[in-house]
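Peer 1: Below is the file model17.tsv, with TSV, C-alpha atoms.
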chain	number	residue	atom	x	y	z
A	1	MET	CA	4.05	-19.40	-32.66
A	2	THR	CA	5.05	-22.84	-31.41
A	3	PRO	CA	6.87	-23.33	-28.06
A	4	GLY	CA	10.03	-24.27	-29.98
A	5	CYS	CA	10.35	-20.68	-31.22
A	6	TYR	CA	11.27	-19.57	-27.70
A	7	PHE	CA	14.25	-21.92	-27.31
A	8	GLY	CA	17.63	-21.84	-28.99
A	9	LYS	CA	18.46	-24.54	-31.50
A	10	VAL	CA	21.77	-25.87	-32.75
A	11	ILE	CA	22.03	-24.85	-36.41
A	12	ASN	CA	25.58	-25.73	-37.45
A	13	ARG	CA	26.02	-29.41	-36.58
A	14	ALA	CA	29.47	-30.30	-37.84
A	15	PHE	CA	30.35	-34.01	-37.98
A	16	HIS	CA	32.77	-35.71	-40.38
A	17	ASP	CA	32.51	-39.37	-41.33
A	18	LEU	CA	35.97	-40.51	-42.50
A	19	THR	CA	35.23	-44.22	-42.38
A	20	HIS	CA	35.69	-46.32	-45.52
A	21	GLY	CA	32.41	-46.38	-47.43
A	22	LYS	CA	30.81	-43.90	-44.98
A	23	SER	CA	29.67	-46.72	-42.70
A	24	ILE	CA	28.32	-44.47	-39.93
A	25	PRO	CA	24.52	-44.00	-40.20
A	26	PRO	CA	23.66	-40.61	-41.74
A	27	ALA	CA	21.29	-39.89	-38.86
A	28	ALA	CA	24.30	-39.90	-36.49
A	29	HIS	CA	25.11	-36.44	-37.84
A	30	GLU	CA	22.18	-35.06	-35.82
A	31	ILE	CA	23.63	-36.41	-32.55
A	32	LEU	CA	27.40	-36.25	-33.00
A	33	GLY	CA	27.09	-32.84	-34.62
A	34	LEU	CA	26.11	-31.52	-31.17
A	35	SER	CA	29.84	-31.98	-30.27
A	36	LEU	CA	31.47	-34.57	-28.03
A	37	LYS	CA	30.75	-32.34	-25.02
A	38	PHE	CA	26.99	-32.75	-25.38
A	39	ILE	CA	25.50	-34.50	-22.34
A	40	PRO	CA	22.24	-36.45	-22.71
A	41	THR	CA	19.79	-35.83	-19.88
A	42	PRO	CA	20.05	-38.57	-17.20
A	43	GLU	CA	17.15	-41.00	-16.96
A	44	TYR	CA	16.33	-39.77	-13.46
A	45	THR	CA	16.75	-36.40	-11.72
A	46	THR	CA	18.92	-35.74	-8.65
A	47	SER	CA	17.95	-37.83	-5.64
A	48	THR	CA	17.63	-36.60	-2.05
A	49	ASN	CA	20.71	-38.57	-0.97
A	50	PHE	CA	22.84	-36.93	-3.67
A	51	ALA	CA	21.54	-33.47	-2.76
A	52	ALA	CA	22.42	-34.11	0.91
A	53	LYS	CA	26.14	-34.23	-0.03
A	54	SER	CA	25.92	-30.81	-1.65
A	55	PHE	CA	23.99	-29.44	1.33
A	56	ALA	CA	26.75	-30.62	3.69
A	57	ARG	CA	29.20	-28.50	1.71
A	58	LEU	CA	26.81	-25.52	1.90
A	59	GLU	CA	26.65	-25.90	5.70
A	60	ARG	CA	30.45	-25.86	5.92
A	61	ASP	CA	30.73	-22.82	3.63
A	62	VAL	CA	28.22	-20.88	5.75
A	63	ALA	CA	29.99	-21.89	8.97
A	64	LEU	CA	33.30	-20.66	7.51
A	65	LYS	CA	31.76	-17.32	6.53
A	66	VAL	CA	30.35	-16.89	10.04
A	67	TRP	CA	33.58	-17.93	11.77
A	68	PHE	CA	35.75	-15.48	9.82
A	69	ALA	CA	33.16	-12.67	9.66
A	70	GLY	CA	34.59	-9.30	10.66
A	71	GLU	CA	38.22	-10.37	10.26
A	72	LYS	CA	40.46	-8.62	7.80
A	73	LEU	CA	41.00	-10.95	4.87
A	74	LYS	CA	44.57	-12.02	4.27
A	75	GLU	CA	45.90	-11.56	0.77
A	76	LEU	CA	46.64	-15.06	-0.40
A	77	PRO	CA	49.18	-15.82	-3.13
A	78	LYS	CA	47.66	-16.27	-6.59
A	79	THR	CA	48.42	-19.94	-7.05
A	80	LYS	CA	46.54	-23.15	-7.81
A	81	LEU	CA	49.18	-25.24	-6.05
A	82	TYR	CA	47.52	-25.87	-2.72
A	83	VAL	CA	45.88	-28.75	-0.90
A	84	LYS	CA	42.25	-28.06	-0.10
A	85	SER	CA	41.64	-27.71	3.64
A	86	ILE	CA	39.28	-30.16	5.36
A	87	TRP	CA	39.12	-28.14	8.61
A	88	GLN	CA	35.58	-28.00	9.98
A	89	PRO	CA	34.68	-24.72	11.75
A	90	PRO	CA	32.54	-24.68	14.92
A	91	LEU	CA	28.77	-24.60	14.56
A	92	PRO	CA	27.33	-21.17	13.71
A	93	PRO	CA	25.00	-19.38	16.16
A	94	LEU	CA	21.61	-20.97	16.82
A	95	GLY	CA	19.74	-18.46	14.64
A	96	ILE	CA	21.81	-19.24	11.55
A	97	ASP	CA	21.90	-22.96	12.27
A	98	SER	CA	18.09	-23.13	12.58
A	99	ARG	CA	17.66	-21.23	9.30
A	100	LEU	CA	19.97	-23.69	7.56
A	101	SER	CA	17.98	-26.58	9.00
A	102	THR	CA	14.69	-25.07	7.81
A	103	PHE	CA	16.15	-24.41	4.36
A	104	GLY	CA	17.35	-28.03	4.16
A	105	SER	CA	13.92	-29.37	5.14
A	106	GLU	CA	12.16	-27.26	2.51
A	107	LEU	CA	14.73	-28.28	-0.08
A	108	ASN	CA	14.08	-31.97	0.59
A	109	LYS	CA	10.38	-31.42	-0.11
A	110	ILE	CA	11.20	-30.09	-3.55
A	111	ILE	CA	13.94	-32.55	-4.53
A	112	ARG	CA	12.48	-35.91	-5.41
A	113	ARG	CA	13.85	-38.57	-7.70
A	114	ARG	CA	11.75	-38.30	-10.84
A	115	ARG	CA	12.08	-39.49	-14.41
A	116	GLY	CA	14.10	-36.91	-16.32
A	117	LYS	CA	12.88	-35.04	-19.38
A	118	PRO	CA	15.08	-36.34	-22.25
A	119	ASN	CA	16.85	-33.93	-24.58
A	120	LEU	CA	17.04	-36.67	-27.24
A	121	ASN	CA	14.08	-38.42	-28.80
A	122	THR	CA	13.61	-42.21	-28.67
A	123	PHE	CA	15.21	-42.81	-32.08
A	124	GLN	CA	18.25	-40.68	-31.18
A	125	ARG	CA	18.75	-42.46	-27.85
A	126	LYS	CA	18.65	-45.87	-29.54
A	127	LEU	CA	21.05	-44.67	-32.22
A	128	LEU	CA	23.44	-43.29	-29.61
A	129	SER	CA	23.34	-46.61	-27.76
A	130	ARG	CA	24.14	-48.40	-31.04
A	131	LEU	CA	27.08	-46.10	-31.73
A	132	GLU	CA	28.45	-46.65	-28.19
A	133	SER	CA	28.35	-50.43	-28.64
A	134	ASP	CA	30.35	-50.30	-31.89
A	135	ASP	CA	33.97	-50.88	-30.82
A	136	SER	CA	35.24	-50.77	-34.41
A	137	THR	CA	34.74	-46.99	-34.74
A	138	VAL	CA	36.49	-44.18	-32.86
A	139	TYR	CA	34.88	-40.77	-32.41
A	140	CYS	CA	37.44	-38.06	-31.80
A	141	ASN	CA	37.91	-34.31	-32.08
A	142	SER	CA	39.35	-32.52	-35.07
A	143	ASP	CA	42.14	-29.96	-35.03
A	144	LYS	CA	41.13	-26.26	-35.17
A	145	GLY	CA	37.75	-27.10	-33.60
A	146	LEU	CA	36.13	-28.21	-36.85
A	147	GLY	CA	33.81	-30.71	-35.16
A	148	PRO	CA	33.78	-34.40	-34.18
A	149	VAL	CA	35.22	-37.01	-36.55
A	150	GLY	CA	34.40	-40.69	-36.94
A	151	VAL	CA	37.20	-43.03	-38.06
A	152	LYS	CA	37.77	-46.77	-37.94
A	153	LEU	CA	39.76	-48.10	-34.99
A	154	LYS	CA	42.33	-49.69	-37.31
A	155	TRP	CA	42.91	-46.35	-39.08
A	156	TYR	CA	43.29	-44.58	-35.72
A	157	HIS	CA	45.82	-47.15	-34.50
A	158	GLN	CA	47.83	-46.96	-37.71
A	159	HIS	CA	48.12	-43.18	-37.53
A	160	GLY	CA	48.97	-43.29	-33.84
A	161	LEU	CA	51.72	-45.84	-34.43
A	162	LYS	CA	52.99	-43.75	-37.34
A	163	HIS	CA	53.90	-41.09	-34.77
A	164	LEU	CA	55.06	-43.40	-31.98
A	165	THR	CA	57.36	-45.47	-34.22
A	166	ASN	CA	59.34	-42.35	-35.11
A	167	THR	CA	62.44	-43.30	-33.11
A	168	SER	CA	63.86	-39.79	-33.20
A	169	VAL	CA	60.89	-38.56	-31.14
A	170	TYR	CA	59.53	-41.56	-29.18
A	171	ASN	CA	60.83	-44.75	-27.67
A	172	ILE	CA	58.33	-47.57	-27.08
A	173	ILE	CA	59.24	-49.28	-23.79
A	174	PRO	CA	57.99	-52.37	-21.90
A	175	GLU	CA	55.50	-51.70	-19.10
A	176	GLU	CA	57.89	-53.12	-16.48
A	177	GLN	CA	60.54	-50.58	-17.48
A	178	ALA	CA	57.97	-47.77	-17.58
A	179	LEU	CA	56.79	-48.58	-14.04
A	180	ALA	CA	60.39	-48.72	-12.80
A	181	ASP	CA	61.10	-45.36	-14.45
A	182	ALA	CA	57.96	-43.89	-12.86
A	183	SER	CA	59.07	-45.11	-9.43
A	184	GLN	CA	62.46	-43.49	-9.95
A	185	LEU	CA	60.83	-40.26	-11.13
A	186	LYS	CA	58.65	-40.15	-8.02
A	187	SER	CA	61.78	-40.48	-5.90
A	188	ASP	CA	63.57	-37.78	-7.93
A	189	ILE	CA	60.71	-35.29	-7.56
A	190	PHE	CA	60.47	-35.97	-3.82
A	191	ASP	CA	64.23	-35.44	-3.47
A	192	TRP	CA	63.89	-32.21	-5.48
A	193	THR	CA	61.30	-30.87	-3.01
A	194	PHE	CA	63.71	-31.69	-0.17
A	195	LYS	CA	66.81	-30.24	-1.89
A	196	HIS	CA	65.12	-26.92	-2.70
A	197	ARG	CA	63.01	-26.76	0.47
A	198	LYS	CA	64.29	-23.27	1.30
A	199	THR	CA	63.06	-21.82	-2.01
A	200	LEU	CA	59.64	-23.53	-1.92
A	201	THR	CA	56.66	-22.54	0.18
A	202	ASP	CA	55.05	-25.00	2.59
A	203	THR	CA	51.92	-24.95	0.43
A	204	GLU	CA	53.87	-25.90	-2.71
A	205	VAL	CA	55.68	-28.76	-0.99
A	206	LYS	CA	52.46	-30.20	0.45
A	207	TYR	CA	50.76	-29.97	-2.93
A	208	LEU	CA	53.61	-31.58	-4.89
A	209	ARG	CA	54.07	-34.44	-2.42
A	210	LYS	CA	50.33	-35.11	-2.22
A	211	LYS	CA	50.11	-35.34	-6.02
A	212	LEU	CA	53.00	-37.83	-6.03
A	213	ASP	CA	50.91	-40.17	-3.88
A	214	GLU	CA	47.70	-39.58	-5.86
A	215	THR	CA	49.30	-40.41	-9.22
A	216	GLU	CA	51.23	-43.49	-8.08
A	217	LYS	CA	48.63	-45.99	-9.36
A	218	ASP	CA	48.37	-44.41	-12.83
A	219	PRO	CA	51.55	-42.36	-13.36
A	220	PHE	CA	51.41	-41.95	-17.15
A	221	GLY	CA	49.85	-39.47	-19.53
A	222	TYR	CA	47.57	-40.55	-22.38
A	223	PHE	CA	48.39	-40.18	-26.05
A	224	TYR	CA	45.63	-39.39	-28.52
A	225	LEU	CA	45.13	-37.81	-31.95
A	226	LEU	CA	43.39	-34.76	-33.34
A	227	ILE	CA	42.32	-35.10	-36.96
A	228	LYS	CA	43.65	-32.40	-39.29
A	229	LEU	CA	40.70	-31.95	-41.62
A	230	HIS	CA	42.20	-28.77	-43.07
A	231	LYS	CA	45.16	-30.73	-44.50
A	232	THR	CA	45.18	-32.62	-47.81
A	233	PRO	CA	45.45	-35.52	-47.42
A	234	VAL	CA	43.93	-35.75	-43.95
A	235	SER	CA	46.61	-36.14	-41.28
A	236	THR	CA	46.76	-36.21	-37.47
A	237	ARG	CA	48.20	-34.13	-34.66
A	238	PRO	CA	49.63	-36.03	-31.64
A	239	VAL	CA	48.59	-34.85	-28.18
A	240	CYS	CA	49.61	-36.08	-24.76
A	241	SER	CA	47.05	-35.47	-22.04
A	242	ASP	CA	49.29	-35.34	-18.99
A	243	CYS	CA	46.51	-34.38	-16.55
A	244	ALA	CA	46.89	-36.51	-13.41
A	245	SER	CA	50.21	-37.95	-14.62
A	246	LEU	CA	53.18	-38.17	-12.26
A	247	PRO	CA	55.13	-35.08	-13.50
A	248	HIS	CA	51.99	-32.94	-14.04
A	249	ALA	CA	52.03	-31.19	-10.66
A	250	LEU	CA	55.71	-30.27	-11.11
A	251	GLY	CA	54.83	-29.03	-14.61
A	252	GLN	CA	52.18	-26.78	-13.02
A	253	TRP	CA	54.85	-25.36	-10.70
A	254	VAL	CA	57.17	-24.72	-13.66
A	255	ASP	CA	54.31	-23.07	-15.52
A	256	GLU	CA	53.57	-20.66	-12.65
A	257	LYS	CA	57.22	-19.65	-12.35
A	258	LEU	CA	57.68	-19.12	-16.09
A	259	GLN	CA	54.42	-17.29	-16.80
A	260	PRO	CA	55.71	-13.82	-15.76
A	261	ILE	CA	58.92	-14.39	-17.76
A	262	VAL	CA	57.10	-15.62	-20.86
A	263	LYS	CA	54.72	-12.64	-20.81
A	264	ALA	CA	57.69	-10.29	-20.73
A	265	GLN	CA	59.18	-11.70	-23.95
A	266	ARG	CA	58.95	-9.43	-26.99
A	267	THR	CA	57.30	-12.25	-28.95
A	268	TYR	CA	54.38	-12.59	-26.51
A	269	PHE	CA	50.82	-11.48	-27.15
A	270	LYS	CA	47.88	-12.59	-25.02
A	271	ASN	CA	45.30	-13.41	-27.68
A	272	SER	CA	44.20	-12.62	-31.22
A	273	PHE	CA	42.39	-9.45	-30.07
A	274	GLU	CA	45.61	-8.09	-28.56
A	275	LEU	CA	47.51	-9.06	-31.71
A	276	LYS	CA	44.98	-7.11	-33.78
A	277	GLN	CA	45.57	-4.05	-31.59
A	278	GLU	CA	49.34	-4.37	-32.05
A	279	LEU	CA	48.99	-4.69	-35.81
A	280	ASP	CA	46.74	-1.61	-35.94
A	281	LYS	CA	49.56	0.42	-34.36
A	282	LEU	CA	52.16	-0.93	-36.80
A	283	ILE	CA	53.30	1.69	-39.31
A	284	LEU	CA	55.02	0.17	-42.33
A	285	PRO	CA	56.73	1.88	-45.29
A	286	PRO	CA	54.99	1.64	-48.69
A	287	ASN	CA	57.49	-0.90	-49.98
A	288	ALA	CA	57.08	-3.28	-47.00
A	289	SER	CA	56.19	-6.92	-47.61
A	290	LEU	CA	53.97	-8.94	-45.28
A	291	PHE	CA	54.31	-12.70	-45.06
A	292	THR	CA	53.47	-15.62	-42.80
A	293	TYR	CA	55.33	-18.84	-42.18
A	294	ASP	CA	54.63	-22.11	-40.43
A	295	ALA	CA	56.91	-24.73	-38.91
A	296	ALA	CA	56.26	-28.43	-39.47
A	297	SER	CA	56.36	-30.35	-36.15
A	298	MET	CA	58.19	-27.47	-34.50
A	299	TYR	CA	58.14	-28.71	-30.90
A	300	THR	CA	59.26	-32.25	-31.65
A	301	ASN	CA	62.11	-30.95	-33.83
A	302	ILE	CA	63.64	-28.82	-31.06
A	303	ASN	CA	66.80	-30.31	-29.62
A	304	THR	CA	66.16	-30.96	-25.93
A	305	ASN	CA	69.74	-30.41	-24.76
A	306	ASP	CA	70.09	-27.21	-26.77
A	307	CYS	CA	66.82	-25.95	-25.30
A	308	ILE	CA	67.99	-26.67	-21.74
A	309	GLU	CA	71.38	-25.02	-22.34
A	310	ARG	CA	69.79	-21.81	-23.64
A	311	LEU	CA	67.29	-21.74	-20.77
A	312	ASP	CA	70.15	-22.28	-18.31
A	313	GLU	CA	72.09	-19.35	-19.77
A	314	TYR	CA	69.02	-17.06	-19.80
A	315	LEU	CA	67.68	-17.93	-16.33
A	316	ASN	CA	71.13	-17.47	-14.73
A	317	ARG	CA	71.76	-14.05	-16.28
A	318	ARG	CA	72.13	-11.21	-13.80
A	319	SER	CA	69.75	-9.08	-15.89
A	320	THR	CA	67.07	-11.78	-15.68
A	321	TYR	CA	67.54	-12.09	-11.91
A	322	MET	CA	67.26	-8.33	-11.52
A	323	ARG	CA	64.04	-8.21	-13.51
A	324	PHE	CA	62.36	-11.31	-12.06
A	325	THR	CA	62.92	-12.00	-8.38
A	326	HIS	CA	60.29	-14.69	-7.85
A	327	TYR	CA	62.29	-17.77	-8.87
A	328	SER	CA	65.39	-19.77	-8.02
A	329	ALA	CA	67.30	-20.64	-11.20
A	330	PRO	CA	68.76	-23.97	-9.93
A	331	ALA	CA	65.37	-25.21	-8.68
A	332	LEU	CA	63.51	-24.05	-11.80
A	333	LEU	CA	66.03	-25.52	-14.24
A	334	GLU	CA	66.11	-28.90	-12.46
A	335	ALA	CA	62.29	-28.98	-12.49
A	336	ILE	CA	62.23	-28.18	-16.22
A	337	ILE	CA	64.65	-31.06	-16.88
A	338	LEU	CA	62.55	-33.48	-14.80
A	339	VAL	CA	59.39	-32.52	-16.71
A	340	MET	CA	60.94	-32.43	-20.19
A	341	LYS	CA	62.82	-35.71	-19.94
A	342	ASN	CA	60.14	-37.78	-18.22
A	343	ASP	CA	57.10	-37.60	-20.47
A	344	ARG	CA	55.73	-41.15	-20.72
A	345	MET	CA	52.32	-41.89	-22.19
A	346	ARG	CA	49.91	-44.72	-22.90
A	347	PHE	CA	48.35	-45.48	-26.26
A	348	GLY	CA	46.22	-48.59	-25.91
A	349	ASP	CA	48.53	-51.27	-24.53
A	350	ILE	CA	51.65	-49.35	-25.64
A	351	ILE	CA	53.75	-47.10	-23.40
A	352	ALA	CA	56.08	-44.62	-25.10
A	353	HIS	CA	58.77	-42.34	-23.71
A	354	GLN	CA	59.07	-39.04	-25.52
A	355	LEU	CA	62.64	-38.18	-26.44
A	356	SER	CA	62.21	-34.76	-28.04
A	357	VAL	CA	61.46	-31.61	-26.16
A	358	ALA	CA	57.66	-31.34	-26.27
A	359	LEU	CA	54.56	-32.21	-28.18
A	360	LEU	CA	51.26	-30.49	-27.40
A	361	TRP	CA	50.45	-30.97	-23.72
A	362	GLU	CA	46.76	-30.81	-22.97
A	363	CYS	CA	46.71	-29.38	-19.46
A	364	HIS	CA	49.57	-26.89	-19.46
A	365	GLN	CA	51.35	-25.50	-22.48
A	366	PRO	CA	55.14	-26.04	-22.69
A	367	GLN	CA	56.08	-22.62	-21.31
A	368	PRO	CA	59.88	-23.05	-21.61
A	369	LEU	CA	59.55	-23.05	-25.41
A	370	PRO	CA	58.53	-19.41	-26.05
A	371	ILE	CA	61.58	-18.31	-24.05
A	372	TYR	CA	63.81	-20.74	-25.94
A	373	LEU	CA	62.51	-19.67	-29.35
A	374	TRP	CA	63.08	-15.98	-28.64
A	375	GLN	CA	66.63	-16.63	-27.41
A	376	TYR	CA	67.30	-18.87	-30.40
A	377	LEU	CA	66.12	-16.26	-32.92
A	378	LYS	CA	68.13	-13.52	-31.22
A	379	LYS	CA	71.28	-15.63	-31.43
A	380	LYS	CA	70.58	-16.39	-35.08
A	381	ASN	CA	69.80	-12.71	-35.78
A	382	SER	CA	66.65	-13.94	-37.52
A	383	PHE	CA	63.18	-12.53	-38.20
A	384	SER	CA	63.16	-10.39	-35.05
A	385	THR	CA	65.37	-7.85	-36.84
A	386	LEU	CA	62.82	-7.42	-39.61
A	387	ILE	CA	59.80	-6.59	-37.44
A	388	PRO	CA	60.71	-4.60	-34.33
A	389	GLY	CA	59.09	-5.86	-31.16
A	390	TYR	CA	57.87	-9.31	-32.11
A	391	PHE	CA	57.63	-11.96	-34.78
A	392	ILE	CA	54.42	-13.79	-35.68
Mind converting the file's structure to structure tokens?
Peer 2:
Amino acid sequence: MTPGCYFGKVINRAFHDLTHGKSIPPAAHEILGLSLKFIPTPEYTTSTNFAAKSFARLERDVALKVWFAGEKLKELPKTKLYVKSIWQPPLPPLGIDSRLSTFGSELNKIIRRRRGKPNLNTFQRKLLSRLESDDSTVYCNSDKGLGPVGVKLKWYHQHGLKHLTNTSVYNIIPEEQALADASQLKSDIFDWTFKHRKTLTDTEVKYLRKKLDETEKDPFGYFYLLIKLHKTPVSTRPVCSDCASLPHALGQWVDEKLQPIVKAQRTYFKNSFELKQELDKLILPPNASLFTYDAASMYTNINTNDCIERLDEYLNRRSTYMRFTHYSAPALLEAIILVMKNDRMRFGDIIAHQLSVALLWECHQPQPLPIYLWQYLKKKNSFSTLIPGYFI
């Protein structure tokens, strides 16, 4: 048996060339089929200087463990909205400190900057370099995880503009106006943290205000497309990556407050496995009919004002307050409005302001919408009356 028999190999390399005339070299399938997350091995291994930064963190972590050893651990709130502490504990006892020093010295003997062992052969590396230098082709992800797709830049721009020129959903604005709006939004979010200071924790306020400063230089999200290969003809799905955008931190706060409420809705199921379990329990009469339905551009067709009004009515109900005691309705509703009405994104040299309620957000899903949809269907006396418990 050869050594290759002992190592896993990628069998299903899915790549789709949608360029006119299939202009991408056929051999590119072997590289791009590894997915866009594949990382070629660096030319050189980790250097001693780089390892020293990681070792400094190890020293701090050990010192923290020693300093707090024996103390009863405090139960911290389950939240991601906190600013990482930079407090440096005192030096650990001599015995532990000397062991760390010895470990660091031995580690430096092992770690030397060497030429890395490539995970691509010479031909593949040259081909990858050629593909990277070709600015006329865009390599993007497909919808439903069907593999990377190669399209021409002109085609990508045309399909992006097809979405952004829909004036009922987006409004293309000058960069000067966008920057002025971002400055106003920063002020509004800061004022919100001051107005609702009594209902926010110190940790939340510090986190939100720190993120306002961090995102000031680049306050916008980024608009991109997923290719719908399963549609005929091929179409695109618009996505706004709002990670590190100005309203993202406030969106995280909204998400944390709405998560318990969303999970309590009768339409909620955690994943496909849980749905399968629910369906296994479902007892239907012999004459029952099963069907599925899909909504075209559902999020962008939801009326923003109607959504806010229904959320306002639901969040201010006495029954909702009695069931969920972790939120303040005025603070939560104002935050939802700030996030929903201030989604601005870049696409090349274009900045667009989204007018409708929500497209697909990359970093946190639009959690107000499941609540809105359930309230909407209950008011309309719709499908929820046909299948007790939930609709799919």
Peer 1: Go ahead and compute the interatomic distance for atom CA of A:Leu34 and atom CA of A:Lys126, in Å to one decimal.
Peer 2: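 Computing the Euclidean distance for atom CA of A:Leu34 and atom CA of A:Lys126 yields 16.3 Å.
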Peer 1: Check which residues of stretch 211-234 of chain A sit at most 8 Å from stretch 244-267 of chain A using all atoms listed in the file, and return one row each with the closest pair of atoms and their distance in Å to one decimal, ordered by chain and rising number, as a Markdown table.
Peer 2:
| residue | atom | partner | partner_atom | distance |
| --- | --- | --- | --- | --- |
| A:Lys211 | CA | A:Ala249 | CA | 6.5 |
| A:Leu212 | CA | A:Leu246 | CA | 6.2 |
| A:Thr215 | CA | A:Leu246 | CA | 5.4 |
| A:Glu216 | CA | A:Leu246 | CA | 7.0 |
| A:Asp218 | CA | A:Ser245 | CA | 7.0 |
| A:Pro219 | CA | A:Leu246 | CA | 4.6 |
| A:Phe220 | CA | A:Ser245 | CA | 4.9 |
| A:Gly221 | CA | A:Ser245 | CA | 5.2 |
Peer 1: Identify the residues around (29.7, -38.4, -40.2) within a radius of 10 Å, measuring from only C-alpha atoms in the coordinates stated by the file, and give them as a list in words.
Peer 2: Ala14, Phe15, His16, Asp17, Leu18, Thr19, Lys22, Ser23, Ile24, Pro25, Pro26, Ala27, Ala28, His29, Glu30, Ile31, Leu32, Gly33, Tyr139, Pro148, Val149, Gly150 and Val151 of chain A
Peer 1: When you count only C-alpha atoms, which of these residues is closest to A:Cys307: A:Thr320, A:Ser356, A:Asn287, A:Gln124?
Peer 2: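 Ranking A:Thr320, A:Ser356, A:Asn287, A:Gln124 by distance to A:Cys307, first place goes to A:Ser356.
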Peer 1: Which neighbours of A:Glu43 fall inside 10 Å, counting all atoms listed in the file, when residues of the same chain fewer than 6 positions from it are skipped, and could you give them as a PDB file with C-alpha atoms, in the coordinates of the input?
Peer 2:
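New file out.pdb:
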ATOM      1  CA  ARG A 114      11.750 -38.300 -10.840  1.00  0.00           C
ATOM      2  CA  ARG A 115      12.080 -39.490 -14.410  1.00  0.00           C
ATOM      3  CA  GLY A 116      14.100 -36.910 -16.320  1.00  0.00           C
ATOM      4  CA  LYS A 117      12.880 -35.040 -19.380  1.00  0.00           C
ATOM      5  CA  PRO A 118      15.080 -36.340 -22.250  1.00  0.00           C
TER       6      PRO A 118
END
Peer 1: Kindly provide the residues of stretch 38-109 of chain A that approach stretch 199-205 of chain A to within 8 Å, each paired with its closest atom pair and their distance in Å to one decimal, based on all atoms listed in the file, listed by chain and increasing number, as JSON lines.
Peer 2:
{"residue": "A:Leu81", "atom": "CA", "partner": "A:Glu204", "partner_atom": "CA", "distance": 5.8}
{"residue": "A:Tyr82", "atom": "CA", "partner": "A:Thr203", "partner_atom": "CA", "distance": 5.5}
{"residue": "A:Val83", "atom": "CA", "partner": "A:Thr203", "partner_atom": "CA", "distance": 7.3}
Peer 1: Considering all atoms listed in the file, can you say which of A:Glu59, A:Asp181, A:Asp143, A:Asp188 comes closest to A:Phe103?
Peer 2: A:Glu59
Peer 1: Quick check, in Å to one decimal: how far apart do atom CA of A:Ile337 and atom CA of A:Glu309 lie?
Peer 2: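 Taking atom CA of A:Ile337 and atom CA of A:Glu309, their separation equals 10.6 Å.
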Peer 1: Could you jot down the atom CA of A:Leu64 to atom CA of A:Ser98 separation for me, Å, one decimal place?
Peer 2: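 Answer for the atom CA of A:Leu64 to atom CA of A:Ser98 separation: 16.2 Å.
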Peer 1: Compare A:Ala180, A:Ala51, A:Ile350, A:Leu333 by their minimum atom-to-atom distance to A:Ile110, counting all atoms listed in the file, and give me the closest one.
Peer 2: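 For A:Ile110, the nearest of the candidates is A:Ala51.
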